[in-house]
Amino acid sequence: MKKKFLQKWYISFSILIGLGYGLIYACADGGDWGIFYQSNYTPETFVDNTYSPLFLSSDIFYNEDPINNNETVFNDEIVSDWTKYLGSTMPAKDISFFLLDSSSTDVSKIHTYYTSKKANPFSIKWSKKINLEETKTKAFLEFLYLAQQVEKASVANYGSWVYDNYERPSVNNEKFLALLENKYNATTDTFLKNRYWFQTMKAYFYSNYRTKALTFFKKTENQVPKNNLYYRALAYTAGIQYKQKNFALSNYIYSIVFAQCKPMQMIAAHNFHPQNETDWQASLAMAKNNEEKAALWGIQGYYVDEEKAIENIYALNPKSEYIDYLLSRIVNSAELKIDNSFKDKSLTGYRKMCKDSISKSAVALVQKIADENKTHKPYMWNMASGYMQSLACNYNKAETYFDLAEKTMPKTDLSIKQLRLLRFINYLSSLDKIGAAEEKKLLPDLNWLYFELPQKEDNIFRYQNAVNWSKMYIATLFSVNNNTIMNEIFNRNGNYYDDASSLEAMKTFLSKPNKTEFETLATKIYSVTLDDIYEYQAVLATYNNKIDDAISYLQKTEKAKNTLFYGNPFNGKIQDCHDCDHLAKQKRKYSYLDFVTLIKEMQTKVKNNEDAFANNILLGNAFYNITYYGNARIFYQGNILQKNEFSNYDDSSDKRLYQLMIDCSKATQYYQAAFNTATDDEQRAKAQYMLAKCQRNDFYSNKYEDVSNTWYLDEEKVNFIAWDGFKNLKNKYAHTAFYNDVIRECGYFKTYVSHKN
Amino acid sequence: MKLLRVILLLFIVLSCKNEPKPAISFYYWKTRYALTTQESKLLTALKVQHLYIRYFDVGLSPQTGLPIPVSPILFVEKPTLQITPVVYIQNKVLLNKNVNVSLLAQQIHSFINQINKRAGVSVKSIQLDCDWTENTKVHFFKLIEQLQHFSKTKITSTVRLHQVKYPEKMGVPPVAEATLMYYNMGVLSIKNTNSIYDKDIANKYVNRLHSYPKNLNVALPIYSWVIQFRNGKIISLTSKISEKKIANNKNYSKKKEHFYSVLNSHYLEGVFYKKGDLIKIETISEENLLEMAKILSNHLQTKPKEVVFYDLDEQNINTYEKEVFTKVVHQF
């Protein structure tokens, strides 16, 4: 059975993956935004803009959708052609309406008027605007009537719940096809004749008589001008050849369309599709001259192997413009392979990675072509060669190519910026250490990169990658010098402020007067301010219950001390709901400084045994609210303790924050003190419930602390745990009004109470 | 007493032996229904009487955001055996809070009828396939009920392993029977794992099968695919290429089991493979299929009425001896 089966291969098209498993992994790299932000080389600098869809992209085309493009690419040209032809006989907006808008009813009714000679509402309406009897106008509308019949077959109608709509109607009316061909034969006006010719081709293509399109094309192709209509028709023949499995011929024809009709380049590249090596070789053999061969390599290079394509095209015609866009793809793909994470934090490691990543054959090819100076844009090759040498760590050699590029390149805004950026990257890449001289040399470019360029709206020039890369590189240079402050400034490290001496060193640096120019730039790019550091110290002091310190640090801040809490941080409710607390009406808003100052006052009162229960409860609430469970999470979300509570807490600084966030021990301490100083059962009940909240939080925090991935947890039921606080509330304070409040508001407690055990 | 036990045991053994084996069925998952000679021959040889045919997907219109049929099937020939239309509902369709489930059920019902009429077939059941989630289960289950209401036809559904493992959370579809999809277990990756079937992953799920409150039929994979990696990243996924075709091609060199490196840049079946690319073939062996059947047989509460192989395609069935399909159902 198996052997027998294997004799005949038939590969049928099927939905790739069935039963709902639909993944397209090939495009999962984040789209062109990804490439834009990982690149230092802007293809638009020298490559003709018409090639932009073919620039390297993680999508099929760069910033283009082939399907949408296919439907609209010729709209402007069609309107322009007809506007020229019709001249003053019809206003431009009406021409545009008839050609591009929903005009089929109007066109059809005007056609009825022409054939019946009887006026109808549509002919009357249009007669008021245009002269329907004018020869060219009449010819236009009659042409349009036929073209719209063909269009019914060429435009898909998907997305309907009527099954018949999915079968695209073909132009199967032989009389209609004959009528069109006759129109072509009979028309003498060259403009109209050319368009009837195209419509005849199109109609045959969408009919059940597709091969007639081939016959008709062969018979007439020498009589029509080689304009875009010709190449559109030629593309129809390529489609028919593909359908007939004449892949080599189909691909050869698409390469001609690719070469001769720029608006169709993307469509041709999309449809060019050799099935195997033999097809490809057969297509090459069909090429009649070097120009056609170059076009085949030009289209093939987009799909597959840019280097090989460039080699072949260059040998055929070094002045070909196909190699421009292919070069941009080589450079872009080379730089994408560079890992900019500096993961081993050493320059040696980084350089080794660069050398290992770059294709030596690509570097050599680009250098060879640059050296031979035979292309039509030698500066493009010199600049690219400079960048490739730079990526290969040959920095001096790179500079010589940049010099050559500068001499001959057209001085456009983009080319000047591009050269400056690549030279900057090359210079910085060449540094093994950084001192005053290097800092001075880097300063103008860093100011340009970090501050000037982002001011300008520019979505073409790719400089953002250099911003991040240069910071990482400079940080690594400073780490070579053991300059931990500058290292931190250029590459923030989550643990830097864990160390008290580092923290103080940074404070000293940031408050230092008379900074050098480089230090001033560094301070400007650093996202942490002196204010942030004092705020961080104040927050830590608060968590550690060192309130005097907290007050003192906050008083040194300008902004943080006045930051307001969203809700009242002294509130303690039966249910934790920070959103509700934020929305609740507040007579008074509390700033960070108010908060710690009030804590201080309350602590003094407790110490003096003044209204001890109330103050202890309020203190418990205050420390409770600055945990993850309370209404004042904002307190730990400062710029240094900035990681939000949903991160993975992988590094130690995050773990430290995590411990701070979930720690209810201070709150517990004050709630216990409240219980101890309570004067009646209502107060005791309340204190017990507040203690239970802390016990609950600890239970859940501990239970899931070691779970690395909650998705792997088994489904489990709610843990109706009897916290000590619950037990006490149930056993000793069931007679209190507070107990009834809890029963009303807390379903968890109510379930626990109603539990028979 | 001892004798009674022996008799009872014998009775159980005998009764098990007499219980019919599951019927063999297939999913047909192409957009044009036209069986090749080999496909027809296999159906005849295995005496297959029932085929599940994917009719269309339901997706959302990019223009209107409303549900629309996607890639409906075209019957080039009339099926000669009993068929069950399968409709794949993209989960996003049901995520919309305002989706009119009743209208959608009517549309699906009507669209299936239109296809049936055109194909000249009548159907006795409809299967809905949806990777429903906690957020969409309410809509999906309502859709099943509504479709049942409008079509007056038996509705079945597919279920995935995670839906079976967590019935409390994921719900249980209101159908008489469901088909367990026992494949697509992992993610595509350069590792040695097989995303189609992974025994370790499967084992994490099968323990709950015995308590699932619905009778389950079983769907097993017979497909394979080629994953192409460049610089460690997946760049293409191509189905219907056999490992043999790669192994016998001089442009490839075998690195290890199911992994090949591309020696020369070339085209194969319309895909370009560049020198240095890495190719991984994920496939399901006869042993895999027998193992899957055995594991399922040990864990399912009731014997499945049908084992449905995914999917009927000449390229897929070429990989196996026809006896394999029978051997697999005999594991139950």
# chains A, B, ... in the order shown; residues from 1 in each chain; ligands from 1
call {"tool": "closest_atom_pairs", "arguments": {"of": "chain B", "to": "chain A", "cutoff": "7 Å", "atoms": "only C-alpha atoms", "output": "tab-separated table"}}
result
residue	atom	partner	partner_atom	distance
B:Trp29	CA	A:Gly18	CA	6.4
B:Lys30	CA	A:Ser14	CA	4.6
B:Thr31	CA	A:Ser14	CA	6.5
B:Ser61	CA	A:Gly159	CA	6.5
B:Ile68	CA	A:Gly159	CA	5.1
B:Pro69	CA	A:Gly159	CA	6.1
B:Tyr88	CA	A:Gly20	CA	6.3
B:Gln107	CA	A:Trp161	CA	6.7
B:Phe111	CA	A:Trp161	CA	6.3
B:Gln114	CA	A:Tyr163	CA	6.3
B:Ile115	CA	A:Tyr163	CA	6.8
B:Asp129	CA	A:Leu19	CA	6.8
B:Cys130	CA	A:Gly20	CA	6.8
B:Asp131	CA	A:Gly20	CA	7.0
B:Ile234	CA	A:Ala26	CA	6.0
B:Ile235	CA	A:Ala26	CA	4.4
B:Ser236	CA	A:Ala26	CA	5.3
B:Ser239	CA	A:Leu16	CA	6.3
B:Lys240	CA	A:Ile11	CA	7.0
B:His266	CA	A:Glu277	CA	5.8
B:Tyr267	CA	A:Asn276	CA	4.4
B:Leu268	CA	A:Asn276	CA	5.0
B:Glu269	CA	A:Gln275	CA	5.0
B:Gly270	CA	A:Gln275	CA	3.8
B:Val271	CA	A:Gln275	CA	7.0
B:Phe272	CA	A:Val304	CA	6.7
B:Asn318	CA	A:Phe5	CA	5.4
B:Thr319	CA	A:Lys2	CA	6.7
B:Tyr320	CA	A:Lys2	CA	6.4
B:Glu321	CA	A:Lys2	CA	5.6
B:Lys322	CA	A:Met1	CA	6.8
call {"tool": "write_last_selection", "arguments": {"atoms": "N, CA and C atoms", "output": "compact mmCIF listing (two decimals), in the first residue's frame"}}
result
# COMPACT_ATOMS: atom_id res chain seq x y z
N TRP B 29 -10.22 18.30 5.32
CA TRP B 29 -9.97 19.69 5.74
C TRP B 29 -9.44 20.53 4.59
N LYS B 30 -9.89 20.25 3.38
CA LYS B 30 -9.45 21.07 2.26
C LYS B 30 -10.62 21.92 1.77
N THR B 31 -10.34 22.95 0.99
CA THR B 31 -11.42 23.85 0.58
C THR B 31 -12.12 23.40 -0.69
N SER B 61 -15.50 40.11 9.95
CA SER B 61 -15.21 40.95 8.80
C SER B 61 -14.29 42.10 9.22
N ILE B 68 -18.54 36.52 9.70
CA ILE B 68 -18.69 36.15 8.28
C ILE B 68 -18.12 34.75 8.06
N PRO B 69 -18.64 34.06 7.03
CA PRO B 69 -18.03 32.77 6.71
C PRO B 69 -16.69 32.99 6.01
N TYR B 88 -15.70 25.70 11.88
CA TYR B 88 -14.73 26.19 12.87
C TYR B 88 -15.06 27.63 13.24
N GLN B 107 -27.58 32.09 10.77
CA GLN B 107 -26.73 32.27 9.59
C GLN B 107 -25.94 31.00 9.28
N PHE B 111 -26.35 28.83 5.99
CA PHE B 111 -25.19 28.68 5.09
C PHE B 111 -24.89 27.20 4.85
N GLN B 114 -27.36 25.98 2.39
CA GLN B 114 -27.05 26.41 1.02
C GLN B 114 -25.97 25.52 0.40
N ILE B 115 -24.98 25.19 1.23
CA ILE B 115 -23.89 24.33 0.71
C ILE B 115 -24.43 22.93 0.43
N ASP B 129 -16.54 23.45 15.93
CA ASP B 129 -15.17 23.35 16.44
C ASP B 129 -14.76 24.75 16.90
N CYS B 130 -14.39 24.86 18.16
CA CYS B 130 -14.02 26.19 18.67
C CYS B 130 -13.07 26.00 19.85
N ASP B 131 -12.00 26.78 19.87
CA ASP B 131 -11.10 26.72 21.02
C ASP B 131 -11.64 27.70 22.07
N ILE B 234 11.88 30.62 13.29
CA ILE B 234 11.03 29.89 12.35
C ILE B 234 10.67 30.82 11.22
N ILE B 235 10.89 30.38 9.98
CA ILE B 235 10.50 31.26 8.88
C ILE B 235 9.42 30.65 7.99
N SER B 236 9.22 29.34 8.08
CA SER B 236 8.09 28.81 7.33
C SER B 236 7.63 27.48 7.92
N SER B 239 3.13 22.06 5.13
CA SER B 239 2.56 20.73 5.37
C SER B 239 2.67 19.90 4.10
N LYS B 240 2.38 18.65 4.24
CA LYS B 240 2.32 17.72 3.10
C LYS B 240 3.66 17.52 2.40
N HIS B 266 18.09 26.16 -2.58
CA HIS B 266 17.27 25.59 -3.66
C HIS B 266 15.78 25.78 -3.37
N TYR B 267 14.98 25.53 -4.39
CA TYR B 267 13.53 25.54 -4.21
C TYR B 267 13.03 24.11 -4.04
N LEU B 268 12.04 23.93 -3.18
CA LEU B 268 11.38 22.63 -3.09
C LEU B 268 9.90 22.87 -2.84
N GLU B 269 9.08 22.32 -3.73
CA GLU B 269 7.62 22.46 -3.63
C GLU B 269 7.23 23.93 -3.41
N GLY B 270 7.88 24.81 -4.11
CA GLY B 270 7.50 26.22 -4.04
C GLY B 270 8.07 26.97 -2.85
N VAL B 271 8.88 26.32 -2.04
CA VAL B 271 9.48 27.03 -0.90
C VAL B 271 10.99 27.10 -1.12
N PHE B 272 11.59 28.24 -0.81
CA PHE B 272 13.03 28.37 -0.99
C PHE B 272 13.74 28.01 0.31
N ASN B 318 -0.33 8.36 2.70
CA ASN B 318 0.81 7.65 2.09
C ASN B 318 1.81 7.18 3.12
N THR B 319 1.86 7.88 4.23
CA THR B 319 2.88 7.59 5.23
C THR B 319 2.62 6.26 5.95
N TYR B 320 1.38 5.82 5.92
CA TYR B 320 1.03 4.66 6.75
C TYR B 320 0.56 3.49 5.90
N GLU B 321 0.80 2.28 6.41
CA GLU B 321 0.15 1.10 5.85
C GLU B 321 -1.32 1.19 6.22
N LYS B 322 -2.18 0.70 5.34
CA LYS B 322 -3.61 0.88 5.64
C LYS B 322 -4.03 0.10 6.90
call {"tool": "select_by_dssp", "arguments": {"residues": "region 90-272 of chain B", "states": "strand (DSSP E or B)", "output": "PyMOL selection string"}}
result
chain B and resi 125-129+154-160+177-181+215-221+225-230+233-239+252-256+259-262+266-268+271-272
call {"tool": "residues_around", "arguments": {"residues": "region 539-544 of chain A", "least_positions_apart": "5", "cutoff": "12 Å", "atoms": "only C-alpha atoms", "output": "number ranges by chain"}}
result
A: 497-498, 532-534, 549-554, 560-561, 592-593, 595-597, 599-600, 619, 622-627, 633-641, 656-657, 659-667
call {"tool": "write_last_selection", "arguments": {"atoms": "N, CA and C atoms", "output": "CSV table (one decimal), in the first residue's frame"}}
result
chain,number,residue,atom,x,y,z
A,497,TYR,N,20.9,50.9,43.6
A,497,TYR,CA,20.6,51.6,44.8
A,497,TYR,C,20.4,50.7,46.0
A,498,ASP,N,20.7,49.4,45.8
A,498,ASP,CA,20.7,48.5,47.0
A,498,ASP,C,21.9,48.8,47.9
A,532,ASP,N,14.2,61.8,43.1
A,532,ASP,CA,13.8,60.3,43.1
A,532,ASP,C,14.5,59.6,44.2
A,533,ILE,N,15.8,59.9,44.4
A,533,ILE,CA,16.6,59.2,45.3
A,533,ILE,C,16.1,59.5,46.8
A,534,TYR,N,15.9,60.8,47.0
A,534,TYR,CA,15.3,61.1,48.4
A,534,TYR,C,14.0,60.4,48.6
A,549,ASP,N,13.4,59.7,59.9
A,549,ASP,CA,14.2,59.7,58.6
A,549,ASP,C,13.4,60.0,57.4
A,550,ALA,N,12.2,59.3,57.4
A,550,ALA,CA,11.3,59.5,56.2
A,550,ALA,C,10.9,61.0,56.1
A,551,ILE,N,10.6,61.6,57.2
A,551,ILE,CA,10.2,63.0,57.1
A,551,ILE,C,11.4,63.9,56.6
A,552,SER,N,12.5,63.6,57.2
A,552,SER,CA,13.7,64.4,56.8
A,552,SER,C,14.0,64.2,55.3
A,553,TYR,N,13.9,62.9,54.8
A,553,TYR,CA,14.2,62.7,53.3
A,553,TYR,C,13.2,63.4,52.5
A,554,LEU,N,11.9,63.3,52.9
A,554,LEU,CA,10.9,63.9,52.0
A,554,LEU,C,11.0,65.4,52.0
A,560,ALA,N,8.2,65.0,45.3
A,560,ALA,CA,7.7,63.8,46.0
A,560,ALA,C,6.9,64.2,47.2
A,561,LYS,N,7.4,65.1,47.9
A,561,LYS,CA,6.7,65.4,49.2
A,561,LYS,C,5.3,65.9,49.0
A,592,TYR,N,2.5,62.7,50.5
A,592,TYR,CA,3.4,61.8,51.2
A,592,TYR,C,3.9,62.4,52.5
A,593,LEU,N,4.2,63.7,52.4
A,593,LEU,CA,4.7,64.4,53.6
A,593,LEU,C,3.7,64.4,54.7
A,595,PHE,N,1.4,62.3,55.1
A,595,PHE,CA,1.2,60.9,55.6
A,595,PHE,C,2.2,60.6,56.7
A,596,VAL,N,3.5,60.8,56.4
A,596,VAL,CA,4.5,60.5,57.4
A,596,VAL,C,4.5,61.4,58.6
A,597,THR,N,4.1,62.6,58.4
A,597,THR,CA,4.0,63.6,59.5
A,597,THR,C,2.9,63.1,60.5
A,599,ILE,N,1.7,60.1,60.7
A,599,ILE,CA,2.1,58.8,61.3
A,599,ILE,C,3.0,59.2,62.6
A,600,LYS,N,3.8,60.1,62.4
A,600,LYS,CA,4.7,60.6,63.5
A,600,LYS,C,3.8,61.0,64.7
A,619,LEU,N,-2.8,53.7,62.6
A,619,LEU,CA,-1.4,53.3,62.2
A,619,LEU,C,-1.4,52.0,61.5
A,622,ALA,N,-2.5,52.6,58.0
A,622,ALA,CA,-1.5,53.3,57.2
A,622,ALA,C,-0.5,52.3,56.7
A,623,PHE,N,0.0,51.5,57.6
A,623,PHE,CA,1.0,50.5,57.1
A,623,PHE,C,0.4,49.4,56.2
A,624,TYR,N,-0.9,49.1,56.5
A,624,TYR,CA,-1.6,48.2,55.6
A,624,TYR,C,-1.7,48.7,54.2
A,625,ASN,N,-2.1,50.0,54.2
A,625,ASN,CA,-2.4,50.6,52.8
A,625,ASN,C,-1.2,50.7,51.9
A,626,ILE,N,0.0,50.8,52.5
A,626,ILE,CA,1.2,50.9,51.6
A,626,ILE,C,1.7,49.5,51.2
A,627,THR,N,1.0,48.5,51.6
A,627,THR,CA,1.3,47.2,51.0
A,627,THR,C,0.5,47.0,49.7
A,633,ARG,N,-0.8,51.9,47.0
A,633,ARG,CA,0.3,51.2,46.3
A,633,ARG,C,1.2,52.2,45.6
A,634,ILE,N,0.7,53.3,45.3
A,634,ILE,CA,1.4,54.4,44.6
A,634,ILE,C,2.7,54.6,45.3
A,635,PHE,N,2.7,54.4,46.7
A,635,PHE,CA,3.8,54.7,47.5
A,635,PHE,C,5.1,54.0,47.1
A,636,TYR,N,4.9,52.7,46.7
A,636,TYR,CA,6.1,52.0,46.3
A,636,TYR,C,6.4,52.0,44.8
A,637,GLN,N,5.6,52.8,44.1
A,637,GLN,CA,5.8,52.8,42.6
A,637,GLN,C,6.6,54.1,42.2
A,638,GLY,N,7.6,54.4,42.9
A,638,GLY,CA,8.5,55.5,42.5
A,638,GLY,C,9.4,55.1,41.4
A,639,ASN,N,10.3,56.0,41.0
A,639,ASN,CA,11.1,55.8,39.9
A,639,ASN,C,12.2,54.8,40.1
A,640,ILE,N,12.6,54.6,41.4
A,640,ILE,CA,13.6,53.6,41.7
A,640,ILE,C,13.0,52.3,42.0
A,641,LEU,N,12.0,52.3,42.9
A,641,LEU,CA,11.3,51.1,43.1
A,641,LEU,C,10.2,51.0,42.1
A,656,ARG,N,13.2,42.2,46.4
A,656,ARG,CA,13.2,43.1,47.6
A,656,ARG,C,11.9,43.9,47.6
A,657,LEU,N,11.5,44.4,46.4
A,657,LEU,CA,10.3,45.2,46.3
A,657,LEU,C,9.1,44.3,46.7
A,659,GLN,N,9.0,41.7,48.6
A,659,GLN,CA,8.9,41.5,50.0
A,659,GLN,C,8.3,42.7,50.7
A,660,LEU,N,8.7,43.9,50.3
A,660,LEU,CA,8.2,45.1,50.9
A,660,LEU,C,6.7,45.2,50.7
A,661,MET,N,6.3,44.9,49.4
A,661,MET,CA,4.9,45.0,49.0
A,661,MET,C,4.0,44.1,49.8
A,662,ILE,N,4.4,42.9,50.1
A,662,ILE,CA,3.5,41.9,50.6
A,662,ILE,C,3.6,41.8,52.2
A,663,ASP,N,4.5,42.6,52.7
A,663,ASP,CA,4.8,42.5,54.2
A,663,ASP,C,3.8,43.2,55.0
A,664,CYS,N,2.9,42.5,55.7
A,664,CYS,CA,1.9,43.1,56.6
A,664,CYS,C,2.3,43.1,58.0
A,665,SER,N,3.6,42.9,58.3
A,665,SER,CA,4.0,42.7,59.7
A,665,SER,C,3.8,44.0,60.5
A,666,LYS,N,4.2,45.2,59.9
A,666,LYS,CA,4.0,46.4,60.6
A,666,LYS,C,2.5,46.7,60.9
A,667,ALA,N,1.7,46.4,59.9
A,667,ALA,CA,0.3,46.6,60.1
A,667,ALA,C,-0.2,45.7,61.3
call {"tool": "select_by_dssp", "arguments": {"residues": "region 66-198 of chain B", "states": "helix (DSSP H, G or I)", "output": "number ranges by chain"}}
result
B: 91-95, 101-119, 137-151, 161-165, 167-170
call {"tool": "residues_around", "arguments": {"residues": "region 290-292 of chain B", "least_positions_apart": "6", "cutoff": "8 Å", "atoms": "only C-alpha atoms", "output": "PyMOL selection string"}}
result
chain B and resi 327-328+331
call {"tool": "residues_around", "arguments": {"residues": "region 89-104 of chain B", "least_positions_apart": "6", "cutoff": "6 Å", "atoms": "only C-alpha atoms", "output": "VMD selection string"}}
result
chain B and resid 57 to 59 130 132 136 139 143 146
call {"tool": "write_last_selection", "arguments": {"atoms": "all heavy atoms", "output": "short mmCIF file (atom, residue, chain, number, x, y, z; two decimals), in the first residue's frame"}}
result
data_model
loop_
_atom_site.label_atom_id
_atom_site.label_comp_id
_atom_site.auth_asym_id
_atom_site.auth_seq_id
_atom_site.Cartn_x
_atom_site.Cartn_y
_atom_site.Cartn_z
N ASP B 57 -15.05 28.36 8.00
CA ASP B 57 -14.73 28.96 9.30
C ASP B 57 -15.71 30.11 9.51
O ASP B 57 -16.27 30.63 8.55
CB ASP B 57 -13.32 29.57 9.32
CG ASP B 57 -12.22 28.52 9.15
OD1 ASP B 57 -12.55 27.33 9.14
OD2 ASP B 57 -11.07 28.94 9.01
N VAL B 58 -15.87 30.52 10.74
CA VAL B 58 -16.56 31.79 10.98
C VAL B 58 -15.54 32.74 11.58
O VAL B 58 -14.92 32.44 12.61
CB VAL B 58 -17.77 31.64 11.92
CG1 VAL B 58 -18.43 32.99 12.17
CG2 VAL B 58 -18.78 30.67 11.33
N GLY B 59 -15.31 33.86 10.89
CA GLY B 59 -14.37 34.87 11.38
C GLY B 59 -15.08 36.21 11.49
O GLY B 59 -16.31 36.27 11.43
N CYS B 130 -14.39 24.86 18.16
CA CYS B 130 -14.02 26.19 18.67
C CYS B 130 -13.07 26.00 19.85
O CYS B 130 -13.31 25.17 20.72
CB CYS B 130 -15.27 26.94 19.11
SG CYS B 130 -14.94 28.56 19.82
N TRP B 132 -12.80 27.34 22.61
CA TRP B 132 -13.47 28.28 23.50
C TRP B 132 -12.68 28.45 24.80
O TRP B 132 -11.92 27.56 25.20
CB TRP B 132 -14.91 27.86 23.76
CG TRP B 132 -15.09 26.82 24.81
CD1 TRP B 132 -15.18 27.02 26.15
CD2 TRP B 132 -15.23 25.40 24.64
NE1 TRP B 132 -15.36 25.84 26.81
CE2 TRP B 132 -15.39 24.82 25.93
CE3 TRP B 132 -15.25 24.56 23.54
CZ2 TRP B 132 -15.56 23.46 26.11
CZ3 TRP B 132 -15.42 23.20 23.73
CH2 TRP B 132 -15.56 22.67 24.99
N THR B 136 -15.49 32.86 26.54
CA THR B 136 -16.40 32.68 25.40
C THR B 136 -17.31 31.47 25.57
O THR B 136 -18.16 31.23 24.74
CB THR B 136 -15.60 32.51 24.09
OG1 THR B 136 -14.65 31.46 24.26
CG2 THR B 136 -14.89 33.78 23.71
N HIS B 139 -21.16 32.08 25.29
CA HIS B 139 -21.62 32.30 23.92
C HIS B 139 -21.54 31.02 23.09
O HIS B 139 -22.45 30.72 22.32
CB HIS B 139 -20.75 33.37 23.24
CG HIS B 139 -21.16 34.77 23.63
ND1 HIS B 139 -20.32 35.84 23.52
CD2 HIS B 139 -22.31 35.26 24.12
CE1 HIS B 139 -20.94 36.93 23.93
NE2 HIS B 139 -22.14 36.59 24.32
N LEU B 143 -24.56 29.11 21.37
CA LEU B 143 -24.57 28.91 19.91
C LEU B 143 -24.94 27.46 19.59
O LEU B 143 -25.73 27.21 18.68
CB LEU B 143 -23.18 29.25 19.35
CG LEU B 143 -23.03 29.09 17.84
CD1 LEU B 143 -23.88 30.11 17.09
CD2 LEU B 143 -21.57 29.24 17.42
N GLN B 146 -28.66 27.12 20.16
CA GLN B 146 -29.43 27.82 19.14
C GLN B 146 -29.36 27.10 17.79
O GLN B 146 -30.34 27.01 17.07
CB GLN B 146 -28.91 29.25 18.98
CG GLN B 146 -29.21 30.16 20.16
CD GLN B 146 -30.69 30.51 20.22
OE1 GLN B 146 -31.27 31.01 19.27
NE2 GLN B 146 -31.33 30.20 21.33
#
call {"tool": "residues_around", "arguments": {"residues": "region 296-312 of chain B", "least_positions_apart": "6", "cutoff": "6 Å", "atoms": "only C-alpha atoms", "output": "list in words"}}
result
Pro22, Ala23, Ile24, Ser25, Phe26, Tyr27, Tyr28, Leu209, His210, Leu216, Asn217, Val218, Ala219, Leu220, Pro221, Ile222 and Phe332 of chain B
call {"tool": "write_last_selection", "arguments": {"atoms": "C-alpha atoms", "output": "PDB file, in the first residue's frame"}}
result
ATOM      1  CA  PRO B  22     -14.906   2.176  17.166  1.00  0.00           C
ATOM      2  CA  ALA B  23     -15.694   3.061  13.577  1.00  0.00           C
ATOM      3  CA  ILE B  24     -12.921   4.617  11.514  1.00  0.00           C
ATOM      4  CA  SER B  25     -13.592   8.081  10.212  1.00  0.00           C
ATOM      5  CA  PHE B  26     -11.608  11.013   8.817  1.00  0.00           C
ATOM      6  CA  TYR B  27     -11.653  14.762   8.796  1.00  0.00           C
ATOM      7  CA  TYR B  28     -11.569  16.280   5.325  1.00  0.00           C
ATOM      8  CA  LEU B 209     -10.744  11.923  31.021  1.00  0.00           C
ATOM      9  CA  HIS B 210     -12.548   9.246  33.013  1.00  0.00           C
ATOM     10  CA  LEU B 216     -16.026  11.231  23.836  1.00  0.00           C
ATOM     11  CA  ASN B 217     -15.011  10.217  20.363  1.00  0.00           C
ATOM     12  CA  VAL B 218     -11.367  10.586  19.554  1.00  0.00           C
ATOM     13  CA  ALA B 219      -9.530  12.540  16.854  1.00  0.00           C
ATOM     14  CA  LEU B 220      -5.946  11.437  16.152  1.00  0.00           C
ATOM     15  CA  PRO B 221      -3.329  13.123  13.971  1.00  0.00           C
ATOM     16  CA  ILE B 222      -1.889  11.655  10.805  1.00  0.00           C
ATOM     17  CA  PHE B 332      -9.921   0.492  22.178  1.00  0.00           C
TER      18      PHE B 332
END
call {"tool": "residues_around", "arguments": {"residues": "region 471-481 of chain A", "least_positions_apart": "2", "cutoff": "8 Å", "atoms": "only C-alpha atoms", "output": "PyMOL selection string"}}
result
chain A and resi 341-342+345-347+428-429+431-434+467-469+483-484+486-491
call {"tool": "closest_residue", "arguments": {"among": "A:Leu598, A:Met506, A:Ile617, A:Cys393", "to": "Asp356 (chain A)", "atoms": "only C-alpha atoms"}}
result
A:Cys393
